[in-house]
$ cat my_file-v8.cif   # mmCIF, C-alpha atoms
data_run
loop_
_atom_site.label_atom_id
_atom_site.label_comp_id
_atom_site.auth_asym_id
_atom_site.auth_seq_id
_atom_site.Cartn_x
_atom_site.Cartn_y
_atom_site.Cartn_z
CA MET L 1 42.55 -29.74 49.70
CA VAL L 2 41.65 -26.57 47.81
CA GLU L 3 42.37 -23.20 49.39
CA GLN L 4 40.71 -20.23 47.78
CA ALA L 5 40.55 -16.51 48.49
CA PHE L 6 37.57 -14.48 47.27
CA PHE L 7 35.39 -11.46 47.98
CA PHE L 8 31.67 -11.57 48.68
CA GLN L 9 29.07 -8.87 49.30
CA ASN L 10 27.35 -8.40 52.62
CA ARG L 11 23.81 -7.04 52.91
CA SER L 12 25.13 -3.46 52.97
CA GLY L 13 26.99 -3.90 49.69
CA ASP L 14 30.47 -4.02 51.27
CA HIS L 15 32.94 -6.44 49.79
CA LEU L 16 34.14 -8.81 52.49
CA PHE L 17 37.26 -10.89 52.13
CA GLY L 18 36.91 -14.63 52.60
CA TYR L 19 39.28 -17.57 52.51
CA GLN L 20 37.97 -21.11 52.31
CA HIS L 21 39.77 -24.39 52.97
CA ILE L 22 37.95 -27.20 51.21
CA PRO L 23 38.95 -30.85 51.60
CA GLN L 24 38.36 -33.32 48.81
CA ASN L 25 35.92 -35.47 50.80
CA LYS L 26 33.93 -32.97 52.79
CA GLY L 27 30.84 -33.57 54.87
CA LYS L 28 27.74 -31.39 55.13
CA THR L 29 28.94 -29.34 58.11
CA GLY L 30 31.31 -26.42 57.69
CA ILE L 31 33.17 -24.24 60.14
CA VAL L 32 33.02 -20.43 60.05
CA PHE L 33 35.66 -18.59 62.07
CA CYS L 34 34.90 -15.32 63.87
CA HIS L 35 38.06 -13.29 64.33
CA PRO L 36 39.15 -11.29 67.36
CA PHE L 37 39.45 -7.51 67.51
CA GLY L 38 42.49 -5.41 66.57
CA GLU L 39 45.92 -6.59 67.54
CA GLU L 40 44.62 -9.95 68.78
CA LYS L 41 43.30 -10.60 65.27
CA HIS L 42 46.75 -10.02 63.80
CA ARG L 43 48.60 -12.02 66.43
CA SER L 44 46.29 -15.04 66.18
CA TYR L 45 46.21 -15.00 62.37
CA ARG L 46 48.66 -17.82 61.85
CA SER L 47 47.07 -20.04 64.50
CA ILE L 48 43.67 -19.74 62.82
CA VAL L 49 45.20 -20.58 59.43
CA GLU L 50 46.72 -23.67 61.04
CA PHE L 51 43.38 -24.54 62.64
CA SER L 52 41.67 -24.28 59.22
CA ARG L 53 44.28 -26.52 57.61
CA TYR L 54 44.05 -29.01 60.45
CA LEU L 55 40.28 -29.21 59.89
CA ALA L 56 40.62 -29.53 56.12
CA ASN L 57 43.14 -32.33 56.57
CA ASN L 58 40.42 -34.07 58.58
CA ASN L 59 37.77 -33.54 55.88
CA VAL L 60 36.12 -30.50 57.50
CA PRO L 61 35.64 -27.42 55.27
CA SER L 62 36.10 -24.00 56.83
CA LEU L 63 35.77 -20.33 56.03
CA ARG L 64 37.80 -17.50 57.48
CA PHE L 65 36.59 -14.01 56.65
CA ASP L 66 37.20 -10.40 57.59
CA MET L 67 34.28 -8.44 59.01
CA ARG L 68 33.70 -4.97 57.59
CA GLY L 69 36.41 -2.51 58.55
CA SER L 70 38.88 -5.34 59.24
CA GLY L 71 41.64 -7.00 57.26
CA ASP L 72 41.08 -6.91 53.50
CA SER L 73 37.37 -6.11 53.69
CA ASP L 74 35.70 -2.83 52.73
CA GLY L 75 34.88 -0.12 55.20
CA ASP L 76 36.44 1.50 58.22
CA MET L 77 36.34 0.06 61.70
CA VAL L 78 34.74 3.30 62.91
CA GLU L 79 31.63 2.38 60.88
CA ALA L 80 31.45 -1.11 62.40
CA THR L 81 29.27 -2.01 65.35
CA VAL L 82 28.68 -5.24 67.22
CA ASP L 83 25.36 -5.52 65.32
CA SER L 84 27.01 -4.99 61.92
CA GLN L 85 29.61 -7.66 62.70
CA VAL L 86 26.86 -10.14 63.57
CA GLU L 87 25.19 -9.26 60.23
CA ASP L 88 28.47 -9.87 58.41
CA THR L 89 28.76 -13.27 60.07
CA LEU L 90 25.18 -14.18 59.11
CA ASP L 91 26.02 -13.21 55.51
CA ALA L 92 29.23 -15.25 55.62
CA ILE L 93 27.26 -18.30 56.82
CA SER L 94 24.75 -17.93 53.95
CA LEU L 95 27.54 -17.56 51.43
CA PHE L 96 29.49 -20.57 52.71
CA ILE L 97 26.42 -22.85 52.92
CA GLU L 98 25.45 -21.92 49.38
CA LYS L 99 28.95 -22.12 47.92
CA GLN L 100 29.72 -25.52 49.47
CA SER L 101 26.20 -27.02 49.56
CA LEU L 102 26.35 -27.45 53.32
CA ASP L 103 23.47 -28.27 55.67
CA GLN L 104 24.78 -26.56 58.77
CA VAL L 105 27.72 -24.73 60.31
CA VAL L 106 29.73 -24.51 63.49
CA LEU L 107 30.98 -21.09 64.54
CA ILE L 108 34.40 -20.93 66.16
CA GLY L 109 35.15 -17.57 67.72
CA LEU L 110 38.32 -16.43 69.41
CA ARG L 111 38.26 -13.72 72.14
CA TYR L 112 35.98 -10.91 70.88
CA GLY L 113 35.08 -13.14 67.93
CA ALA L 114 33.54 -15.56 70.45
CA VAL L 115 31.00 -12.89 71.39
CA ILE L 116 30.13 -12.41 67.73
CA ALA L 117 29.82 -16.19 67.30
CA ALA L 118 27.45 -16.49 70.28
CA LEU L 119 25.28 -13.52 69.24
CA THR L 120 25.11 -14.80 65.66
CA ALA L 121 24.09 -18.27 66.82
CA ASP L 122 21.12 -16.67 68.59
CA GLN L 123 19.80 -15.53 65.21
CA ASP L 124 20.53 -18.46 62.88
CA THR L 125 19.17 -21.98 63.23
CA ARG L 126 21.74 -23.23 60.71
CA VAL L 127 24.34 -22.89 63.46
CA LYS L 128 24.48 -26.26 65.21
CA ALA L 129 27.35 -25.63 67.58
CA ILE L 130 29.58 -22.84 68.80
CA VAL L 131 33.12 -23.15 70.07
CA LEU L 132 34.26 -20.15 72.12
CA LEU L 133 38.02 -19.89 72.48
CA SER L 134 39.12 -17.83 75.49
CA PRO L 135 36.01 -15.73 75.03
CA VAL L 136 35.58 -12.12 76.01
CA ILE L 137 32.79 -12.52 78.55
CA LYS L 138 32.15 -9.09 79.97
CA GLY L 139 32.30 -6.34 77.38
CA SER L 140 32.85 -3.70 80.04
CA ILE L 141 36.01 -5.46 81.30
CA TYR L 142 37.23 -5.94 77.74
CA TRP L 143 36.64 -2.26 76.94
CA ARG L 144 38.74 -1.30 79.97
CA GLU L 145 41.48 -3.64 78.67
CA LEU L 146 41.33 -2.01 75.23
CA LEU L 147 41.48 1.44 76.77
CA ARG L 148 44.44 0.40 78.86
CA THR L 149 46.19 -1.09 75.82
CA ARG L 150 45.88 2.36 74.21
CA GLN L 151 47.41 3.89 77.35
CA LEU L 152 50.15 1.27 77.53
CA SER L 153 51.03 1.83 73.91
CA SER L 154 52.28 5.26 75.04
CA VAL L 155 54.17 3.74 77.96
CA SER L 156 55.86 1.16 75.70
CA HIS L 157 57.04 4.09 73.56
CA ASN L 158 58.47 5.79 76.61
CA GLN L 159 55.69 8.32 76.99
CA LYS L 160 53.35 9.01 79.86
CA ALA L 161 49.89 7.52 79.29
CA THR L 162 46.89 9.76 78.72
CA ARG L 163 44.47 9.37 81.62
CA SER L 164 41.47 7.15 80.87
CA SER L 165 39.08 9.99 81.80
CA GLU L 166 40.65 12.15 79.06
CA LEU L 167 40.35 9.33 76.51
CA LEU L 168 36.67 8.84 77.37
CA GLU L 169 36.12 12.58 77.03
CA GLU L 170 37.75 12.43 73.58
CA LEU L 171 35.43 9.57 72.62
CA GLU L 172 32.39 11.53 73.73
CA THR L 173 33.47 14.75 72.04
CA ASN L 174 34.65 13.29 68.73
CA GLY L 175 32.36 10.25 68.62
CA GLN L 176 35.40 8.08 67.97
CA LEU L 177 38.66 7.02 69.59
CA GLU L 178 41.80 5.40 68.29
CA ILE L 179 42.39 1.98 69.80
CA GLU L 180 45.20 -0.21 68.49
CA ALA L 181 45.69 1.92 65.38
CA GLN L 182 42.04 1.94 64.34
CA TYR L 183 39.13 4.15 65.28
CA VAL L 184 36.14 2.78 67.13
CA SER L 185 32.84 4.64 67.41
CA GLN L 186 30.81 5.58 70.45
CA THR L 187 28.08 3.22 69.20
CA PHE L 188 30.51 0.31 69.03
CA VAL L 189 31.78 1.04 72.54
CA SER L 190 28.24 1.35 73.94
CA GLN L 191 27.21 -1.97 72.40
CA LEU L 192 30.42 -3.63 73.57
CA GLN L 193 29.98 -2.43 77.16
CA LYS L 194 26.48 -3.93 77.32
CA ILE L 195 27.74 -7.44 76.50
CA ASP L 196 27.76 -9.83 79.42
CA MET L 197 27.94 -13.45 78.31
CA SER L 198 27.83 -14.61 81.94
CA ASN L 199 24.33 -13.14 82.14
CA HIS L 200 23.27 -13.71 78.54
CA LYS L 201 19.90 -15.36 77.87
CA PRO L 202 20.68 -17.36 74.75
CA ASN L 203 18.20 -17.97 71.98
CA PHE L 204 20.21 -20.88 70.67
CA SER L 205 19.49 -24.58 70.49
CA GLY L 206 22.69 -26.50 69.99
CA ASP L 207 26.00 -27.40 71.50
CA ILE L 208 28.44 -24.98 73.04
CA LEU L 209 32.03 -25.57 74.04
CA VAL L 210 34.00 -22.95 75.97
CA CYS L 211 37.77 -23.41 75.83
CA ASP L 212 39.89 -21.57 78.37
CA LEU L 213 43.55 -21.47 79.22
CA ALA L 214 44.27 -23.40 82.40
CA ASN L 215 46.09 -20.46 83.97
CA ASP L 216 43.41 -17.87 83.17
CA VAL L 217 41.74 -17.87 86.56
CA ILE L 218 39.53 -14.86 85.87
CA ASN L 219 38.01 -16.17 82.65
CA LYS L 220 37.63 -19.67 84.06
CA GLU L 221 35.33 -18.43 86.77
CA LEU L 222 33.26 -16.36 84.35
CA SER L 223 33.17 -19.17 81.80
CA SER L 224 31.45 -21.47 84.26
CA LYS L 225 28.70 -18.83 84.52
CA VAL L 226 28.41 -18.77 80.71
CA ILE L 227 27.99 -22.54 80.76
CA GLN L 228 25.22 -22.21 83.36
CA GLN L 229 23.40 -19.74 81.10
CA TYR L 230 23.46 -22.19 78.20
CA SER L 231 22.85 -25.43 80.09
CA GLY L 232 19.32 -26.71 79.75
CA LYS L 233 16.98 -28.66 77.54
CA GLU L 234 17.82 -26.74 74.38
CA CYS L 235 21.60 -26.69 74.74
CA TYR L 236 24.43 -28.97 75.69
CA ALA L 237 27.21 -26.89 77.21
CA GLU L 238 30.70 -27.93 78.25
CA ILE L 239 33.85 -26.23 79.42
CA TYR L 240 37.36 -27.28 78.50
CA SER L 241 40.50 -26.05 80.14
CA GLU L 242 43.89 -26.67 78.63
CA GLU L 243 47.52 -25.83 79.35
CA GLU L 244 47.90 -23.78 76.16
CA ARG L 245 49.71 -20.50 75.59
CA ASP L 246 48.05 -17.11 74.92
CA TYR L 247 48.69 -17.36 71.20
CA TRP L 248 46.30 -14.47 70.39
CA SER L 249 48.23 -11.82 72.32
CA ASN L 250 51.83 -12.94 72.53
CA LEU L 251 53.95 -11.81 69.61
CA ALA L 252 56.78 -14.13 70.64
CA LEU L 253 54.51 -17.07 69.87
CA TYR L 254 53.56 -15.99 66.33
CA ASP L 255 54.42 -18.85 63.99
CA GLN L 256 56.20 -20.58 66.91
CA PHE L 257 53.29 -22.12 68.75
CA TYR L 258 49.89 -23.43 67.71
CA PRO L 259 47.25 -24.56 70.21
CA ASP L 260 47.24 -28.12 68.87
CA LYS L 261 45.52 -29.58 71.92
CA THR L 262 42.64 -27.14 71.54
CA PHE L 263 42.36 -27.92 67.81
CA GLU L 264 42.19 -31.64 68.53
CA PHE L 265 39.85 -31.40 71.50
CA SER L 266 37.41 -29.11 69.64
CA ARG L 267 37.23 -31.43 66.64
CA SER L 268 36.82 -34.61 68.70
CA TRP L 269 34.18 -32.87 70.86
CA LEU L 270 32.22 -31.90 67.74
CA ILE L 271 32.45 -35.51 66.52
CA LYS L 272 31.35 -36.80 69.92
CA ARG L 273 28.36 -34.42 69.83
CA GLY L 274 27.43 -35.72 66.37
CA VAL L 275 27.94 -32.34 64.70
CA LEU L 276 30.92 -33.52 62.63
CA ASN L 277 31.43 -36.94 61.08
CA MET F 1 61.23 -7.14 97.26
CA GLY F 2 63.35 -10.08 96.12
CA GLU F 3 60.33 -12.33 95.97
CA ILE F 4 58.31 -9.81 93.93
CA SER F 5 61.22 -9.42 91.50
CA THR F 6 61.38 -13.17 91.03
CA VAL F 7 57.63 -13.39 90.39
CA ILE F 8 57.82 -10.58 87.81
CA SER F 9 60.92 -11.98 86.16
CA ASP F 10 59.42 -15.49 85.95
CA PHE F 11 56.21 -14.12 84.45
CA ILE F 12 57.99 -12.07 81.79
CA VAL F 13 60.35 -14.93 80.90
CA THR F 14 57.73 -17.66 80.69
CA GLN F 15 54.60 -15.83 79.56
CA ILE F 16 55.94 -12.99 77.44
CA MET F 17 59.38 -14.04 76.20
CA HIS F 18 58.29 -17.65 75.68
CA GLY F 19 61.30 -18.86 77.68
CA SER F 20 61.62 -21.61 80.25
CA VAL F 21 61.15 -21.50 84.00
CA GLY F 22 64.64 -21.07 85.41
CA ASP F 23 65.76 -18.63 82.69
CA LYS F 24 66.67 -15.42 84.43
CA LEU F 25 66.04 -11.80 83.61
CA THR F 26 68.32 -9.44 85.49
CA ASN F 27 66.70 -6.70 87.57
CA ASP F 28 68.21 -3.92 85.46
CA ARG F 29 67.43 -5.26 81.99
CA LEU F 30 65.75 -2.46 80.00
CA LEU F 31 62.34 -3.96 79.21
CA LEU F 32 60.82 -1.10 77.20
CA GLU F 33 64.00 0.04 75.48
CA GLU F 34 64.84 -3.49 74.33
CA GLY F 35 61.26 -4.12 73.15
CA ILE F 36 60.71 -6.99 75.61
CA LEU F 37 57.47 -5.40 76.79
CA ASP F 38 55.08 -3.92 74.21
CA SER F 39 51.58 -2.64 74.95
CA LEU F 40 49.96 -6.09 75.06
CA GLY F 41 52.84 -7.48 77.09
CA LEU F 42 52.44 -4.64 79.59
CA GLN F 43 48.71 -5.30 79.67
CA GLN F 44 49.30 -8.99 80.47
CA LEU F 45 51.86 -8.17 83.13
CA ILE F 46 49.72 -5.53 84.84
CA THR F 47 46.63 -7.77 84.83
CA PHE F 48 48.72 -10.58 86.30
CA LEU F 49 50.17 -8.34 89.04
CA GLU F 50 46.74 -6.93 89.91
CA VAL F 51 45.33 -10.43 90.38
CA LYS F 52 48.41 -11.91 92.04
CA TYR F 53 48.81 -9.12 94.62
CA ASN F 54 45.19 -7.96 94.75
CA ILE F 55 46.20 -4.41 93.90
CA LEU F 56 45.00 -1.75 91.45
CA ILE F 57 47.61 -0.20 89.19
CA ASP F 58 45.87 3.09 88.53
CA ASP F 59 46.27 5.62 85.68
CA GLU F 60 48.76 7.64 87.70
CA TYR F 61 51.24 4.75 87.56
CA LEU F 62 51.04 4.31 83.79
CA MET F 63 54.36 6.01 83.19
CA PRO F 64 57.44 4.52 81.52
CA GLU F 65 59.67 5.11 84.53
CA TYR F 66 57.68 2.54 86.53
CA PHE F 67 58.12 -0.12 83.84
CA THR F 68 61.74 0.36 82.83
CA SER F 69 63.01 -2.86 84.41
CA VAL F 70 62.06 -5.71 86.73
CA GLY F 71 63.56 -3.61 89.53
CA THR F 72 61.36 -0.56 88.94
CA ILE F 73 58.23 -2.69 88.50
CA SER F 74 58.83 -4.51 91.78
CA GLU F 75 59.39 -1.18 93.53
CA LEU F 76 56.05 0.01 92.14
CA VAL F 77 54.24 -3.13 93.33
CA GLN F 78 55.86 -2.85 96.77
CA SER F 79 54.92 0.83 97.11
CA ILE F 80 51.27 0.10 96.21
CA LEU F 81 51.23 -2.79 98.70
CA ASP F 82 52.64 -0.47 101.38
CA GLN F 83 49.89 2.14 100.92
#
$ encode --input "my_file-v8.cif" --output "structure tokens"
Amino acid sequence: MVEQAFFFQNRSGDHLFGYQHIPQNKGKTGIVFCHPFGEEKHRSYRSIVEFSRYLANNNVPSLRFDMRGSGDSDGDMVEATVDSQVEDTLDAISLFIEKQSLDQVVLIGLRYGAVIAALTADQDTRVKAIVLLSPVIKGSIYWRELLRTRQLSSVSHNQKATRSSELLEELETNGQLEIEAQYVSQTFVSQLQKIDMSNHKPNFSGDILVCDLANDVINKELSSKVIQQYSGKECYAEIYSEEERDYWSNLALYDQFYPDKTFEFSRSWLIKRGVLN
Amino acid sequence: MGEISTVISDFIVTQIMHGSVGDKLTNDRLLLEEGILDSLGLQQLITFLEVKYNILIDDEYLMPEYFTSVGTISELVQSILDQ
């Protein structure tokens, strides 16, 4: 296996950081990972590295990359929008297909990254399957969670939380708000709040797998609605529920736990669907 | 109150501290001061409590004194349930 870090340019001229895991005997399908937002991106980092290595050890090439304003890539998060992150993913797909002479890709997105994966798949016929890991389904609920994380950051530092109404006023007045140590713009928040994967009309022909944690009762219910939206002649949609841990949010699990069952199920499902060899 | 404390303690031990069911967290253990609960841990706990007890933990309760220990959190849940 060859592991290689590099930078590539997106359509706006930003340098995006990429990391590819290339097995010796690779097929014509590659995996592109779409990362979560903020702290969840950091906390899931190691699990996604492990997932990439697991795939490479099974002859599947993969690319991890940082969208603009994240990780090692150019730009500030405040300049990023949902649309710009979809563009970055489309550019990452083009780059990976060209670099590795692939025919098609599978997008694997975790949490917020699952939204980006699904929206990107709507725009690119080279995407043959999407795997959504504990996806954010309703942007409005997720935004409330992010806002509350900002409030609870104060509480965890022994300070009273700023009221959400005051934070929203700050966002409106300044056009930006600090969430998890990075600024997000009003445009980003507006686009995020409009996302509702349980009501999404997909423009995607391919296979979709939604993986949820067995104990996540809220997401499980919403995920079944996502599956309904995708089920039909153009798509094969399936839901998978597993007794895994919340590796993307729990710091105690970093480097201690990897969702092996999800790795294995996702790969065997893609083989079963004929997307991977 | 005892039952709520047990539910909270079990959740923190198993879901946040990555411990085993049966491990105990005393009611007066300082969760914020000892770094057991950070912002995402608090978020998980609050979401869990809201679903489990069908309550809303509003902005006015987002103060450190309510989340100092298992004891103070269970008092908060009980007081919201009593309203």
$ interface_residues --input "my_file-v8.cif" --of "chain L" --to "chain F" --cutoff "12 Å" --atoms "all atoms listed in the file" --output "count of residues only"
49
$ residues_around --input "my_file-v8.cif" --residues "Leu45 (chain F)" --least-positions-apart "5" --cutoff "8 Å" --atoms "only C-alpha atoms" --output "MDAnalysis selection string"
chainID F and resid 8 11:12
$ atom_distance --input "my_file-v8.cif" --atom1 "CA of Gly71 (chain F)" --atom2 "CA of Asn27 (chain F)"
4.8 Å
$ residues_around --input "my_file-v8.cif" --residues "region 18-31 of chain L" --least-positions-apart "6" --cutoff "7 Å" --atoms "only C-alpha atoms" --output "compact mmCIF listing (two decimals) with C-alpha atoms, keeping the file's coordinate frame"
# COMPACT_ATOMS: atom_id res chain seq x y z
CA MET L 1 42.55 -29.74 49.70
CA VAL L 2 41.65 -26.57 47.81
CA GLU L 3 42.37 -23.20 49.39
CA GLN L 4 40.71 -20.23 47.78
CA ALA L 5 40.55 -16.51 48.49
CA PHE L 6 37.57 -14.48 47.27
CA PHE L 7 35.39 -11.46 47.98
CA SER L 52 41.67 -24.28 59.22
CA ARG L 53 44.28 -26.52 57.61
CA ALA L 56 40.62 -29.53 56.12
CA ASN L 57 43.14 -32.33 56.57
CA ASN L 59 37.77 -33.54 55.88
CA VAL L 60 36.12 -30.50 57.50
CA PRO L 61 35.64 -27.42 55.27
CA SER L 62 36.10 -24.00 56.83
CA LEU L 63 35.77 -20.33 56.03
CA ARG L 64 37.80 -17.50 57.48
CA PHE L 65 36.59 -14.01 56.65
CA ASP L 66 37.20 -10.40 57.59
CA LEU L 102 26.35 -27.45 53.32
CA ASP L 103 23.47 -28.27 55.67
CA GLN L 104 24.78 -26.56 58.77
CA VAL L 105 27.72 -24.73 60.31
CA VAL L 106 29.73 -24.51 63.49
CA LEU L 107 30.98 -21.09 64.54
CA ILE L 108 34.40 -20.93 66.16
CA LEU L 276 30.92 -33.52 62.63
$ atom_distance --input "my_file-v8.cif" --atom1 "CA of Thr26 (chain F)" --atom2 "CA of Asp82 (chain F)"
24.1 Å
$ resolve_selection --input "my_file-v8.cif" --expression "the PyMOL selection byres ((chain F and resi 53) around 10)" --output "list of chain:residue names"
F:Ile4, F:Phe48, F:Leu49, F:Glu50, F:Val51, F:Lys52, F:Asn54, F:Ile55, F:Leu56, F:Val77, F:Gln78, F:Ile80, F:Leu81
$ residues_around --input "my_file-v8.cif" --residues "Val127 (chain L)" --least-positions-apart "2" --cutoff "9 Å" --atoms "all atoms listed in the file" --output "list of chain:residue names"
L:Ile93, L:Gln104, L:Val105, L:Val106, L:Leu107, L:Thr120, L:Ala121, L:Asp122, L:Gln123, L:Asp124, L:Thr125, L:Ala129, L:Ile130, L:Phe204, L:Ser205, L:Gly206
$ resolve_selection --input "my_file-v8.cif" --expression "the PyMOL selection byres ((chain L and resi 116) around 8)" --output "PyMOL selection string"
chain L and resi 34+82+85-86+89+109+112-115+117-120
$ atom_distance --input "my_file-v8.cif" --atom1 "CA of Tyr230 (chain L)" --atom2 "CA of Gln191 (chain L)"
21.4 Å
$ axis_aligned_box --input "my_file-v8.cif" --around "region 139-157 of chain L" --padding-each-side "4 Å" --output "lines of an AutoDock Vina configuration file"
center_x = 44.7
center_y = -0.5
center_z = 77.4
size_x = 32.7
size_y = 19.6
size_z = 15.7
$ build_atoms --input "my_file-v8.cif" --residues "region 58-69 of chain F" --atoms "N, CA, C and O atoms" --output "PDB file, in the frame of the given file"
ATOM      1  N   ASP F  58      46.711   2.018  89.044  1.00  0.00           N
ATOM      2  CA  ASP F  58      45.870   3.090  88.530  1.00  0.00           C
ATOM      3  C   ASP F  58      46.555   3.894  87.423  1.00  0.00           C
ATOM      4  O   ASP F  58      47.755   3.744  87.194  1.00  0.00           O
ATOM      5  N   ASP F  59      45.761   4.755  86.770  1.00  0.00           N
ATOM      6  CA  ASP F  59      46.270   5.620  85.680  1.00  0.00           C
ATOM      7  C   ASP F  59      47.559   6.361  86.054  1.00  0.00           C
ATOM      8  O   ASP F  59      48.444   6.522  85.224  1.00  0.00           O
ATOM      9  N   GLU F  60      47.617   6.811  87.289  1.00  0.00           N
ATOM     10  CA  GLU F  60      48.760   7.640  87.700  1.00  0.00           C
ATOM     11  C   GLU F  60      50.092   6.885  87.633  1.00  0.00           C
ATOM     12  O   GLU F  60      51.164   7.491  87.595  1.00  0.00           O
ATOM     13  N   TYR F  61      50.006   5.541  87.618  1.00  0.00           N
ATOM     14  CA  TYR F  61      51.240   4.750  87.560  1.00  0.00           C
ATOM     15  C   TYR F  61      51.603   4.340  86.136  1.00  0.00           C
ATOM     16  O   TYR F  61      52.600   3.654  85.929  1.00  0.00           O
ATOM     17  N   LEU F  62      50.773   4.717  85.167  1.00  0.00           N
ATOM     18  CA  LEU F  62      51.040   4.310  83.790  1.00  0.00           C
ATOM     19  C   LEU F  62      52.063   5.256  83.162  1.00  0.00           C
ATOM     20  O   LEU F  62      51.756   6.041  82.260  1.00  0.00           O
ATOM     21  N   MET F  63      53.260   5.185  83.669  1.00  0.00           N
ATOM     22  CA  MET F  63      54.360   6.010  83.190  1.00  0.00           C
ATOM     23  C   MET F  63      55.572   5.109  82.936  1.00  0.00           C
ATOM     24  O   MET F  63      55.796   4.150  83.680  1.00  0.00           O
ATOM     25  N   PRO F  64      56.335   5.413  81.884  1.00  0.00           N
ATOM     26  CA  PRO F  64      57.440   4.520  81.520  1.00  0.00           C
ATOM     27  C   PRO F  64      58.444   4.267  82.644  1.00  0.00           C
ATOM     28  O   PRO F  64      58.972   3.163  82.767  1.00  0.00           O
ATOM     29  N   GLU F  65      58.659   5.280  83.488  1.00  0.00           N
ATOM     30  CA  GLU F  65      59.670   5.110  84.530  1.00  0.00           C
ATOM     31  C   GLU F  65      59.350   3.962  85.504  1.00  0.00           C
ATOM     32  O   GLU F  65      60.241   3.387  86.111  1.00  0.00           O
ATOM     33  N   TYR F  66      58.053   3.638  85.635  1.00  0.00           N
ATOM     34  CA  TYR F  66      57.680   2.540  86.530  1.00  0.00           C
ATOM     35  C   TYR F  66      57.895   1.171  85.886  1.00  0.00           C
ATOM     36  O   TYR F  66      57.857   0.145  86.554  1.00  0.00           O
ATOM     37  N   PHE F  67      58.044   1.161  84.541  1.00  0.00           N
ATOM     38  CA  PHE F  67      58.120  -0.120  83.840  1.00  0.00           C
ATOM     39  C   PHE F  67      59.433  -0.319  83.085  1.00  0.00           C
ATOM     40  O   PHE F  67      59.525  -1.131  82.187  1.00  0.00           O
ATOM     41  N   THR F  68      60.442   0.430  83.495  1.00  0.00           N
ATOM     42  CA  THR F  68      61.740   0.360  82.830  1.00  0.00           C
ATOM     43  C   THR F  68      62.382  -1.011  82.955  1.00  0.00           C
ATOM     44  O   THR F  68      62.944  -1.543  82.006  1.00  0.00           O
ATOM     45  N   SER F  69      62.310  -1.595  84.149  1.00  0.00           N
ATOM     46  CA  SER F  69      63.010  -2.860  84.410  1.00  0.00           C
ATOM     47  C   SER F  69      62.243  -3.664  85.465  1.00  0.00           C
ATOM     48  O   SER F  69      61.282  -3.163  86.076  1.00  0.00           O
TER      49      SER F  69
END
